[in-house]
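Everything on this sheet refers to the single structure shown next.
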Amino acid sequence: MDINLYALAQELGMLLEAKGLKLAVAESCTGGGLCDAITDVSGCSRWFDCGFVTYSNESKVKLLAVNPKAIQKHGPVSEIVAREMALGALKNSESDIAISITGIAGPEGDASGTPVGTVWFGLATRDGEYLEYRTFFEGGRNHVRLSANAFALGWLIQTINQQI
């Protein structure tokens, strides 16, 4: 699979800049990979505000105000946690749009039995719009993480073009 994260991040940046929007990112399973792809683009400070790498459940609660009861009830890889991560990134930034990624990259699964390769994405805007998406990526740990980063960039581009 040939994934060009730089080209996707560059396209996203041009789109955000043209619309005068700033982006925040909340990552878990990708461990900062999305922020890394974004900051590879020169001039990204014009459209990228900040990123939160909240790998542990505790950091999701502390930095993004994810409800610990939501994590306990639904697990960290769930629609509600993805939503709360995106909303927390938006609340704790100067951004107009925020995206979150939470998933199981493997090779082991989690205690809840969620299959390796399951990834939830959340997207929130200052206008009160919220979207979520769940998908499954096959392959090893690195492939799941790379695929999640590529999906996030592509989904942002698509959503901004269609709805924002």
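By convention here, the chains of the structure tokens are called A, B, ... in the order presented, each chain's residues are numbered starting at 1, and ligands are numbered starting at 1 in the order presented.
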For segment 78-120 of chain A against segment 39-50 of chain A, with a cut-off of 10 Å and counting only C-alpha atoms, what is the closest atom pair and its distance in Å to one decimal for every residue that makes the cut, ordered by chain and number, as a tab-separated table?
```
residue	atom	partner	partner_atom	distance
A:Ala89	CA	A:Cys50	CA	8.5
A:Leu90	CA	A:Cys50	CA	9.7
A:Asn92	CA	A:Cys50	CA	9.3
A:Ser93	CA	A:Cys50	CA	7.0
A:Glu94	CA	A:Asp49	CA	6.7
A:Ser95	CA	A:Asp49	CA	6.2
A:Asp96	CA	A:Asp49	CA	9.4
A:Ile97	CA	A:Asp49	CA	9.9
A:Ala98	CA	A:Cys50	CA	9.5
```
How would the residues just picked look written out with C-alpha atoms as a PDB file, in the first residue's frame?
```
ATOM      1  CA  ALA A  89      -9.208  19.020  21.775  1.00  0.00           C
ATOM      2  CA  LEU A  90     -11.517  21.697  20.437  1.00  0.00           C
ATOM      3  CA  ASN A  92      -8.534  23.161  24.869  1.00  0.00           C
ATOM      4  CA  SER A  93      -7.351  24.892  21.708  1.00  0.00           C
ATOM      5  CA  GLU A  94      -7.911  27.901  19.504  1.00  0.00           C
ATOM      6  CA  SER A  95      -9.027  25.645  16.655  1.00  0.00           C
ATOM      7  CA  ASP A  96     -12.114  25.664  14.467  1.00  0.00           C
ATOM      8  CA  ILE A  97     -12.035  21.928  13.828  1.00  0.00           C
ATOM      9  CA  ALA A  98     -10.629  18.948  15.749  1.00  0.00           C
TER      10      ALA A  98
END
```
*Contact residues around Leu64 of chain A with only C-alpha atoms at 12 Å, ignoring same-chain residues under 3 positions, as a PyMOL selection string*: chain A and resi 24-28+51-61+67-68+81-93+98+100
Export N, CA and C atoms of the chosen residues as an mmCIF file, in the first residue's frame?
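Writing the result to result_9.cif gives the following:
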```cif
data_model
loop_
_atom_site.group_PDB
_atom_site.id
_atom_site.type_symbol
_atom_site.label_atom_id
_atom_site.label_comp_id
_atom_site.auth_asym_id
_atom_site.auth_seq_id
_atom_site.Cartn_x
_atom_site.Cartn_y
_atom_site.Cartn_z
ATOM 1 N N ALA A 24 -6.971 21.184 15.356
ATOM 2 C CA ALA A 24 -6.387 20.520 16.527
ATOM 3 C C ALA A 24 -6.571 19.021 16.340
ATOM 4 N N VAL A 25 -5.651 18.254 16.915
ATOM 5 C CA VAL A 25 -5.633 16.803 16.775
ATOM 6 C C VAL A 25 -5.553 16.167 18.162
ATOM 7 N N ALA A 26 -6.321 15.104 18.377
ATOM 8 C CA ALA A 26 -6.227 14.296 19.601
ATOM 9 C C ALA A 26 -5.969 12.857 19.164
ATOM 10 N N GLU A 27 -4.795 12.331 19.510
ATOM 11 C CA GLU A 27 -4.394 11.002 19.061
ATOM 12 C C GLU A 27 -4.201 10.057 20.236
ATOM 13 N N SER A 28 -4.500 8.802 19.976
ATOM 14 C CA SER A 28 -4.172 7.754 20.919
ATOM 15 C C SER A 28 -3.312 6.716 20.213
ATOM 16 N N GLY A 51 -1.680 19.602 18.985
ATOM 17 C CA GLY A 51 -2.004 18.194 19.035
ATOM 18 C C GLY A 51 -1.865 17.664 20.451
ATOM 19 N N PHE A 52 -2.722 16.715 20.775
ATOM 20 C CA PHE A 52 -2.696 16.045 22.077
ATOM 21 C C PHE A 52 -2.450 14.563 21.817
ATOM 22 N N VAL A 53 -1.384 14.025 22.375
ATOM 23 C CA VAL A 53 -1.140 12.596 22.295
ATOM 24 C C VAL A 53 -1.528 12.026 23.646
ATOM 25 N N THR A 54 -2.690 11.398 23.685
ATOM 26 C CA THR A 54 -3.259 10.894 24.941
ATOM 27 C C THR A 54 -3.367 9.380 24.837
ATOM 28 N N TYR A 55 -2.246 8.748 25.034
ATOM 29 C CA TYR A 55 -2.178 7.296 24.860
ATOM 30 C C TYR A 55 -2.856 6.559 26.011
ATOM 31 N N SER A 56 -2.648 7.012 27.221
ATOM 32 C CA SER A 56 -3.255 6.340 28.375
ATOM 33 C C SER A 56 -4.668 6.867 28.626
ATOM 34 N N ASN A 57 -5.457 6.062 29.297
ATOM 35 C CA ASN A 57 -6.796 6.499 29.681
ATOM 36 C C ASN A 57 -6.722 7.718 30.593
ATOM 37 N N GLU A 58 -5.742 7.716 31.490
ATOM 38 C CA GLU A 58 -5.589 8.833 32.428
ATOM 39 C C GLU A 58 -5.324 10.144 31.698
ATOM 40 N N SER A 59 -4.514 10.094 30.656
ATOM 41 C CA SER A 59 -4.232 11.332 29.920
ATOM 42 C C SER A 59 -5.456 11.791 29.126
ATOM 43 N N LYS A 60 -6.266 10.875 28.654
ATOM 44 C CA LYS A 60 -7.505 11.258 27.972
ATOM 45 C C LYS A 60 -8.407 12.033 28.940
ATOM 46 N N VAL A 61 -8.480 11.562 30.170
ATOM 47 C CA VAL A 61 -9.302 12.207 31.187
ATOM 48 C C VAL A 61 -8.703 13.559 31.570
ATOM 49 N N ASN A 67 -14.771 11.628 29.963
ATOM 50 C CA ASN A 67 -15.417 11.125 31.166
ATOM 51 C C ASN A 67 -14.878 9.728 31.484
ATOM 52 N N PRO A 68 -14.297 9.531 32.673
ATOM 53 C CA PRO A 68 -13.767 8.208 33.010
ATOM 54 C C PRO A 68 -14.836 7.120 33.007
ATOM 55 N N VAL A 81 -15.824 7.816 23.331
ATOM 56 C CA VAL A 81 -14.481 8.301 23.683
ATOM 57 C C VAL A 81 -13.895 9.098 22.515
ATOM 58 N N ALA A 82 -14.105 8.645 21.290
ATOM 59 C CA ALA A 82 -13.637 9.416 20.126
ATOM 60 C C ALA A 82 -14.300 10.790 20.104
ATOM 61 N N ARG A 83 -15.601 10.830 20.390
ATOM 62 C CA ARG A 83 -16.330 12.104 20.422
ATOM 63 C C ARG A 83 -15.767 13.023 21.502
ATOM 64 N N GLU A 84 -15.607 12.481 22.704
ATOM 65 C CA GLU A 84 -15.127 13.315 23.803
ATOM 66 C C GLU A 84 -13.691 13.776 23.589
ATOM 67 N N MET A 85 -12.879 12.957 22.944
ATOM 68 C CA MET A 85 -11.506 13.375 22.621
ATOM 69 C C MET A 85 -11.520 14.555 21.651
ATOM 70 N N ALA A 86 -12.333 14.477 20.602
ATOM 71 C CA ALA A 86 -12.399 15.574 19.628
ATOM 72 C C ALA A 86 -12.944 16.844 20.284
ATOM 73 N N LEU A 87 -13.991 16.698 21.074
ATOM 74 C CA LEU A 87 -14.553 17.871 21.758
ATOM 75 C C LEU A 87 -13.566 18.465 22.754
ATOM 76 N N GLY A 88 -12.819 17.617 23.450
ATOM 77 C CA GLY A 88 -11.812 18.104 24.389
ATOM 78 C C GLY A 88 -10.683 18.837 23.690
ATOM 79 N N ALA A 89 -10.254 18.335 22.539
ATOM 80 C CA ALA A 89 -9.208 19.020 21.775
ATOM 81 C C ALA A 89 -9.704 20.375 21.295
ATOM 82 N N LEU A 90 -10.936 20.434 20.883
ATOM 83 C CA LEU A 90 -11.517 21.697 20.437
ATOM 84 C C LEU A 90 -11.600 22.687 21.598
ATOM 85 N N LYS A 91 -12.073 22.213 22.734
ATOM 86 C CA LYS A 91 -12.234 23.064 23.919
ATOM 87 C C LYS A 91 -10.892 23.597 24.421
ATOM 88 N N ASN A 92 -9.846 22.783 24.324
ATOM 89 C CA ASN A 92 -8.534 23.161 24.869
ATOM 90 C C ASN A 92 -7.595 23.717 23.812
ATOM 91 N N SER A 93 -8.166 24.316 22.772
ATOM 92 C CA SER A 93 -7.351 24.892 21.708
ATOM 93 C C SER A 93 -8.030 26.136 21.161
ATOM 94 N N ALA A 98 -11.512 19.899 15.063
ATOM 95 C CA ALA A 98 -10.629 18.948 15.749
ATOM 96 C C ALA A 98 -10.979 17.540 15.302
ATOM 97 N N SER A 100 -10.091 13.322 16.216
ATOM 98 C CA SER A 100 -9.521 12.394 17.184
ATOM 99 C C SER A 100 -9.378 11.012 16.557
#
```
*Between A:Thr118, A:Thr159, A:Thr125, A:Asn149, which one has atoms that come closest to Phe137 of chain A, using only C-alpha atoms?*
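For Phe137 of chain A, the nearest of the candidates is A:Thr118.
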_If you run DSSP on the backbone here, which positions in chain A get strand (DSSP E)? Please write them as number ranges by chain._
A: 23-27, 48-53, 97-103, 118-125, 130-136
Residues of the last selection are to be written out with N, CA and C atoms, as a compact mmCIF listing (two decimals), in the first residue's frame.
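File produced: part_18.txt:
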```txt
# COMPACT_ATOMS: atom_id res chain seq x y z
N LEU A 23 -6.72 23.78 12.92
CA LEU A 23 -6.96 22.38 13.26
C LEU A 23 -6.29 22.00 14.57
N ALA A 24 -6.97 21.18 15.36
CA ALA A 24 -6.39 20.52 16.53
C ALA A 24 -6.57 19.02 16.34
N VAL A 25 -5.65 18.25 16.91
CA VAL A 25 -5.63 16.80 16.78
C VAL A 25 -5.55 16.17 18.16
N ALA A 26 -6.32 15.10 18.38
CA ALA A 26 -6.23 14.30 19.60
C ALA A 26 -5.97 12.86 19.16
N GLU A 27 -4.79 12.33 19.51
CA GLU A 27 -4.39 11.00 19.06
C GLU A 27 -4.20 10.06 20.24
N PHE A 48 -2.40 24.80 11.62
CA PHE A 48 -2.37 23.75 12.65
C PHE A 48 -2.10 24.39 14.00
N ASP A 49 -3.06 24.25 14.92
CA ASP A 49 -2.93 24.87 16.23
C ASP A 49 -2.17 23.97 17.21
N CYS A 50 -2.64 22.74 17.42
CA CYS A 50 -2.00 21.89 18.42
C CYS A 50 -2.44 20.45 18.30
N GLY A 51 -1.68 19.60 18.98
CA GLY A 51 -2.00 18.19 19.04
C GLY A 51 -1.86 17.66 20.45
N PHE A 52 -2.72 16.71 20.77
CA PHE A 52 -2.70 16.04 22.08
C PHE A 52 -2.45 14.56 21.82
N VAL A 53 -1.38 14.02 22.38
CA VAL A 53 -1.14 12.60 22.30
C VAL A 53 -1.53 12.03 23.65
N ILE A 97 -11.69 23.32 14.10
CA ILE A 97 -12.04 21.93 13.83
C ILE A 97 -11.03 21.03 14.56
N ALA A 98 -11.51 19.90 15.06
CA ALA A 98 -10.63 18.95 15.75
C ALA A 98 -10.98 17.54 15.30
N ILE A 99 -9.95 16.73 15.21
CA ILE A 99 -10.13 15.32 14.87
C ILE A 99 -9.48 14.46 15.95
N SER A 100 -10.09 13.32 16.22
CA SER A 100 -9.52 12.39 17.18
C SER A 100 -9.38 11.01 16.56
N ILE A 101 -8.41 10.27 17.10
CA ILE A 101 -8.16 8.89 16.66
C ILE A 101 -7.95 8.05 17.91
N THR A 102 -8.72 6.98 18.04
CA THR A 102 -8.51 6.03 19.13
C THR A 102 -8.75 4.62 18.58
N GLY A 103 -7.81 3.73 18.82
CA GLY A 103 -7.94 2.41 18.24
C GLY A 103 -7.00 1.39 18.84
N THR A 118 -9.28 -2.15 14.87
CA THR A 118 -10.46 -1.29 15.04
C THR A 118 -10.02 0.11 15.40
N VAL A 119 -10.51 1.09 14.67
CA VAL A 119 -10.16 2.49 14.94
C VAL A 119 -11.42 3.34 14.84
N TRP A 120 -11.61 4.17 15.87
CA TRP A 120 -12.69 5.17 15.88
C TRP A 120 -12.09 6.54 15.64
N PHE A 121 -12.78 7.35 14.84
CA PHE A 121 -12.39 8.73 14.56
C PHE A 121 -13.54 9.63 14.98
N GLY A 122 -13.20 10.78 15.54
CA GLY A 122 -14.21 11.78 15.85
C GLY A 122 -13.80 13.10 15.22
N LEU A 123 -14.78 13.89 14.84
CA LEU A 123 -14.52 15.20 14.24
C LEU A 123 -15.51 16.17 14.83
N ALA A 124 -15.02 17.29 15.34
CA ALA A 124 -15.89 18.29 15.95
C ALA A 124 -15.51 19.67 15.42
N THR A 125 -16.52 20.54 15.30
CA THR A 125 -16.27 21.91 14.84
C THR A 125 -16.81 22.91 15.85
N TYR A 130 -20.70 17.49 14.83
CA TYR A 130 -19.92 16.36 15.29
C TYR A 130 -20.17 15.17 14.38
N LEU A 131 -19.10 14.51 13.99
CA LEU A 131 -19.19 13.30 13.18
C LEU A 131 -18.30 12.24 13.82
N GLU A 132 -18.62 10.99 13.59
CA GLU A 132 -17.75 9.90 14.03
C GLU A 132 -17.74 8.84 12.95
N TYR A 133 -16.68 8.06 12.98
CA TYR A 133 -16.55 7.00 11.99
C TYR A 133 -15.71 5.88 12.59
N ARG A 134 -16.15 4.65 12.36
CA ARG A 134 -15.39 3.49 12.82
C ARG A 134 -14.99 2.68 11.61
N THR A 135 -13.76 2.21 11.63
CA THR A 135 -13.30 1.36 10.55
C THR A 135 -12.37 0.30 11.11
N PHE A 136 -11.97 -0.60 10.24
CA PHE A 136 -11.08 -1.68 10.62
C PHE A 136 -9.97 -1.76 9.59
```
*What separation in Å, quoted to one decimal, exists between atom CA of Met14 of chain A and atom CA of Gly128 of chain A?*
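It comes out at 23.2 Å.
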